[in-house]
Structure formats: C-alpha cells, structure tokens
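Remarks on the structure that follows.
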Amino acid sequence: MKISIPKIVDQQRYIFEISTKESIEQLQKNLTAPVIPGQTEVDESEYPRTHLLRECEGWEPPHPNIIAAYFRHFQAHFEDYNTDNKLSVLLGLSSNRRVREYKSGDRTIPYEVWRKFLVMTGRAPQEIFTVFAFMG
C-alpha cells in the first residue's frame, strides 16, 4: 500500500489559497457593515488628523482625548466590547490596563494597535500585500 502525500510546499500553497478565499469573503462582508454616526464627545477639528495616516505617510499617535472618545463611542455601540477588558481582548492586548493607559495618555498607543482599531471601525482601509513568490 502506498500513500501519496503532497509536498510541504504544495500543502502550504493549499492552505494559503483557502486562507485567501476566506479573507476575500470577509472583505466582502466588511462592505456591508452598518453605518454609525461619528463620535460627538470631542471636537476632532481641534486635533491634527495625523493619527489617521499610515506609518509611512507621517502617522503620529492620536491625542488621548481622541483615543478615549473613539473607544467609548465604539463600546457604546457594541455591547460585546462594552468594557475595557473586552476591548483589550479584541485588540489583542495583554490586559485591560493597556486600554486605560492609552485613554489616559499614560502610555502611547502603538501604531499596529491603533491601525487595527481604525480598520475595524471603518476609518481606514485594510492593507493587502503583494505575494512575490512561494518560497520553501
């Protein structure tokens, strides 16, 4: 009896293909997300908009007032994330203390965490990267 097992590189490509198809499906679903009016807690015109840029475009961390307003606005609309602990899990943070530190300005929010939040709230597009080759 002979069992034919595909090469590792072929297995990896198959997994990549399945994952890509799932990602495309999620991107399509993202286009149907509900529209929620923006936050009204702070006047955003009083702050620079550099927190909306990509890192290579001159991104600067948002003011803590912006972070706090955006986070509270999100939490008010999504019960599943209505606590700092639940929001920290969603953002992939080690503890809810980080969310509080970002909101208070005691710690600077990292670009990757902020960008993830902007994408999840429809304030920034998701980035797609080019695959140049499948290298084993």
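Ordered as shown in the structure tokens, chains take letters A, B, and onward, while each chain numbers its residues from 1 and ligands are numbered from 1 in the order shown.
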
Residues at most 12 Å from range 26-36 of chain A, counting only C-alpha atoms, excluding those fewer than 2 positions away in the same chain, as a PDB file with C-alpha atoms, in the first residue's frame?
```pdb
ATOM      1  CA  SER A  19      -6.998  31.422   3.726  1.00  0.00           C
ATOM      2  CA  THR A  20      -7.030  33.914   0.847  1.00  0.00           C
ATOM      3  CA  LYS A  21     -10.542  32.835  -0.168  1.00  0.00           C
ATOM      4  CA  GLU A  22     -11.723  33.246   3.438  1.00  0.00           C
ATOM      5  CA  SER A  23     -10.127  36.694   3.549  1.00  0.00           C
ATOM      6  CA  ILE A  24     -11.858  37.750   0.329  1.00  0.00           C
ATOM      7  CA  GLY A  38     -19.382  59.543  14.367  1.00  0.00           C
ATOM      8  CA  GLN A  39     -18.500  60.334  17.945  1.00  0.00           C
ATOM      9  CA  THR A  40     -19.558  63.704  19.341  1.00  0.00           C
ATOM     10  CA  HIS A  73     -18.063  55.527  21.164  1.00  0.00           C
ATOM     11  CA  PHE A  74     -17.258  52.021  19.918  1.00  0.00           C
ATOM     12  CA  ALA A  76     -21.392  52.286  23.462  1.00  0.00           C
ATOM     13  CA  HIS A  77     -22.463  50.735  20.151  1.00  0.00           C
ATOM     14  CA  PHE A  78     -21.126  47.195  20.601  1.00  0.00           C
ATOM     15  CA  VAL A 119      -9.719  49.352  10.229  1.00  0.00           C
ATOM     16  CA  MET A 120     -12.296  47.654  12.467  1.00  0.00           C
ATOM     17  CA  THR A 121     -14.240  50.919  12.732  1.00  0.00           C
ATOM     18  CA  GLY A 122     -14.142  51.705   9.023  1.00  0.00           C
ATOM     19  CA  ARG A 123     -11.898  54.730   9.447  1.00  0.00           C
ATOM     20  CA  PRO A 125      -8.860  50.638   4.663  1.00  0.00           C
ATOM     21  CA  GLN A 126      -7.352  47.247   5.254  1.00  0.00           C
ATOM     22  CA  GLU A 127      -3.958  46.820   3.653  1.00  0.00           C
ATOM     23  CA  ILE A 128      -3.313  43.960   1.241  1.00  0.00           C
TER      24      ILE A 128
END
```

Name the residues in contact with range 92-97 of chain A at a cut-off of 12 Å, using only C-alpha atoms, excluding same-chain residues fewer than 4 positions from it; report them as a count of residues only.
22

Between A:Glu60, A:Leu52, A:Leu91, A:Val99, which one has atoms that come closest to Arg72 in chain A, using only C-alpha atoms?
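Checking each candidate against Arg72 in chain A, we get A:Val99 as the closest.
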
Using only C-alpha atoms for the distances, tell me which of A:Pro62, A:Pro48, A:Pro6, A:Pro37 is nearest to Leu118 in chain A.
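Looking at the shortest contact to Leu118 in chain A, the residue is A:Pro62.
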
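In this model, the gap between CA of Asp10 in chain A and CA of Val131 in chain A comes to 15.8 Å.
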